[in-house]
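The next block holds one structure in the form of structure tokens; read it before the comments.
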Amino acid sequence: MNLRMWMLDIAREQSPSLEILRELCQLSLDSGYNAIGLYLEHRFAYPSVTWVGGKGCLTPEVVRQLEIEFPSLQIIPFINLLGHMEGFLNTEEGSHLAEQRFTGMQACPSKDEFKVLCKAIIADTISCFSSEIIHIGGDETAQLGACPVCSAKVKAWEAEGVTDGKAKLYGEHFADLVNQVVAAGRRPAVWGDMFVDHPTALEIIPRDALIFDWQYFKGPEETSKRFLELGFEVVYCPAVHTYNAAWVHLPQTEENIREHAKAARDTKAYGVCVTTWEFGLMGSLETALPLLRGCGEILCDESIEPTLPPYTDNLNSSKDADVNRYKPVREASVFLKHYLKQSELYEEWARLLGVELQDCGGLFAFSGIRSGLKARLLLYSNPFLLWLRQREDFVGEPGTRALEVADRAMSVAPDSTTRGIAEFIKLAIMFVRQVEASHVAYAERKPGEAASALFSCRQIFEQIERLAVANHIRFGGSLADISRAKAAREQVERVIRRIKEFGDGSLGYLPSYEMICHPKFIPHDQAGWWIVNRWANE
């Protein structure tokens, strides 16, 4: 295995300082990695693209310092030059480069100005990083052929006999960029998912390209087979399941890492890259450090079994039975062993939030999509969506069980960081329950009681804001989370005012609670035309 690495997602609002990055580089070496990836997108101060780097982004000076201090660790940049361009496209300078206006995350490969931008980003990256590998992205380009110009190209090619015009569009765009990296004496890398969707694009891509095959819910053997047959070298990419969890789904993450490590050894793959995504939305990279050490151990130790023992058999609600239920995974887990090295309390905390919480069911269970808890509470600027979509879970048994797990995790949390993660989960549950109490009073035409039930929700988001501030100060956590908490509190205050004003039926009708807590609520629009005419929202 030539490459053993993990990838830090800086693009999702992280602002790690030089001191934090030093710690992460040293952890990488100590854990057996020979490379660390920095996933950049728009969060890098590209010298020739001065309009994109936001506050707290990574700078060339920090990269140069890290390379001086850690010469034996390859620091690999991950840029993205078609899909996942949203950080560029949602600026005034870059908005005209989008494949479709104000939707999606893909730029238009037919625009000459975008091609120039890609070339400049690659040139900047090569000048700022000395790594052998330059990763130029390429994943999740679902909007291929969507704009009129691209659509016309695709149709014309297919009329001439091209099997898949979108594959040609994609392949030609990235072949040009791959060749630029090769000409500079570096090794280009691209994500593999679009080659699975459009396999004929592989015929256009130079064989110099490393293909990073990401599979987060199964092994990579099936998808990588075609790449290997065509002579490409492949890096297998499992995931740390943070983006789809209230904290982290530990067993599923460890299974994914183990099966990729075994597959890499069996197929003699070029390497393994452990991806981490989305430590924004109140995530905490700091609490994942023992887990990353465990990933390094799995990649280095060929004797580790490819699977964990099952832990979800024989469900039983008694406390003693629950302890025994988790015993097999607790004893076999490399991850929990690394938390235990820190302290018994840390291991217990990690088991509670990483293993036991998901068994509460509902929105806490393992899934393949971004955590609905975090997204609905914070991402969409309307925390009442969490009540609207998930009140049965949070008010019912899943919420009761999760509240118990969160309380236990708070009681054993070894420090303020871990306590904050458990507290955030508890605050989310409490919010939904308070909103439901407000809804019940509102439906009974008791606007005073309905408004009073929401008063504590303002304090909930004030506390979440404090947790977000602390997360940013301690470990470069998301600045956006601070503003998201403020926006959520403002929406709560807005709904309180509406309930006081209109909850007595003064409009001649009583708006549904769902309507009155929505940001688009308009008095006297009893029919809710903004819902009925959905096209108006597009």
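In the structure tokens, chains take letters A, B, ... by order of appearance, with residues numbered from 1 within each chain and ligands from 1 in the order shown.
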For this session: Give me the residues within 12 Å of Pro188 in chain A as a ChimeraX atom specification, counting only C-alpha atoms and dropping any in the same chain fewer than 3 places off.
Result: /A:76-79,122,125-126,131-138,174-185,191,205-212,232-234
For this session: Pick out each residue of range 280-517 of chain A that DSSP on the backbone tags as helix (DSSP H, G or I); I need them as a ChimeraX atom specification.
Result: /A:286-300,319-325,327-332,334-342,344-360,362-364,372-379,384-395,397-412,416-443,447-475,479-502,513-516
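The nearest approach to Glu348 in chain A among the residues A:Val412, A:Cys295, A:Leu385, A:Met105, with only C-alpha atoms taken into account, belongs to A:Val412.
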Exercise. DSSP says strand (DSSP E) for which residues of range 175-295 of chain A? Put them as JSON, numbers by chain?
Worked result: {"A": [187, 188, 189, 190, 191, 210, 211, 212, 213, 214, 233, 234, 235, 236, 237, 239, 240, 271, 272, 273, 274, 275, 276]}
Seminar exercise, completed: Ala406 in chain A proximity check over A:Leu27, A:Met282, A:Cys360, A:Ala441, using only C-alpha atoms: winner is A:Cys360
Problem set entry | Nearby residues (only C-alpha atoms) at most 7 Å from Ala107 in chain A, same-chain spacing under 5 positions excluded, as a PyMOL selection string | chain A and resi 82-83+85+97-99
Residues as selected, N, CA and C atoms, written as a PDB file, in the first residue's frame, can you do that?
```
ATOM      1  N   LEU A  82     -15.306  21.253 -11.179  1.00  0.00           N
ATOM      2  CA  LEU A  82     -16.545  21.191 -11.966  1.00  0.00           C
ATOM      3  C   LEU A  82     -17.735  21.106 -11.015  1.00  0.00           C
ATOM      4  N   GLY A  83     -17.914  19.954 -10.353  1.00  0.00           N
ATOM      5  CA  GLY A  83     -18.899  19.878  -9.281  1.00  0.00           C
ATOM      6  C   GLY A  83     -18.312  20.462  -8.010  1.00  0.00           C
ATOM      7  N   MET A  85     -18.494  23.376  -6.822  1.00  0.00           N
ATOM      8  CA  MET A  85     -17.940  24.720  -7.010  1.00  0.00           C
ATOM      9  C   MET A  85     -18.802  25.775  -6.326  1.00  0.00           C
ATOM     10  N   LEU A  97     -20.732  31.767 -13.707  1.00  0.00           N
ATOM     11  CA  LEU A  97     -20.078  30.552 -14.194  1.00  0.00           C
ATOM     12  C   LEU A  97     -20.911  29.298 -13.944  1.00  0.00           C
ATOM     13  N   ALA A  98     -22.046  29.435 -13.289  1.00  0.00           N
ATOM     14  CA  ALA A  98     -22.857  28.268 -12.910  1.00  0.00           C
ATOM     15  C   ALA A  98     -23.484  27.604 -14.132  1.00  0.00           C
ATOM     16  N   GLU A  99     -23.631  26.286 -14.063  1.00  0.00           N
ATOM     17  CA  GLU A  99     -24.312  25.542 -15.127  1.00  0.00           C
ATOM     18  C   GLU A  99     -25.783  25.942 -15.209  1.00  0.00           C
TER      19      GLU A  99
END
```
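Counting only C-alpha atoms and comparing A:Thr276, A:Ala246, A:Glu331, A:Gly361, the residue that lies closest to Lys374 in chain A is A:Ala246.
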Determine, for each residue of range 222-324 of chain A having at least one atom at most 10 Å from an atom of range 479-490 of chain A, the closest pair of atoms and their separation in Å to one decimal, counting only C-alpha atoms; order by chain and ascending number, as CSV.
```
residue,atom,partner,partner_atom,distance
A:Gly280,CA,A:Asp481,CA,7.0
A:Leu281,CA,A:Asp481,CA,6.0
A:Met282,CA,A:Asp481,CA,6.7
A:Gly283,CA,A:Asp481,CA,9.7
```
Can those selected residues be exported to a file as a tab-separated table (two decimals), in the first residue's frame so that it contains all heavy atoms?
```tsv
chain	number	residue	atom	x	y	z
A	280	GLY	N	-18.87	20.88	10.19
A	280	GLY	CA	-19.76	21.98	10.48
A	280	GLY	C	-21.06	21.44	11.06
A	280	GLY	O	-21.18	20.25	11.35
A	281	LEU	N	-22.04	22.31	11.24
A	281	LEU	CA	-23.32	21.92	11.86
A	281	LEU	C	-23.07	21.26	13.20
A	281	LEU	O	-23.60	20.19	13.51
A	281	LEU	CB	-24.12	21.02	10.92
A	281	LEU	CG	-24.58	21.68	9.62
A	281	LEU	CD1	-25.27	20.67	8.71
A	281	LEU	CD2	-25.53	22.85	9.91
A	282	MET	N	-22.23	21.90	14.01
A	282	MET	CA	-21.94	21.52	15.39
A	282	MET	C	-21.15	20.22	15.50
A	282	MET	O	-21.15	19.57	16.53
A	282	MET	CB	-23.23	21.45	16.22
A	282	MET	CG	-24.01	22.75	16.24
A	282	MET	SD	-23.07	24.18	16.83
A	282	MET	CE	-22.80	23.74	18.54
A	283	GLY	N	-20.49	19.84	14.42
A	283	GLY	CA	-19.58	18.70	14.51
A	283	GLY	C	-18.30	19.10	15.23
A	283	GLY	O	-18.01	20.29	15.41
```
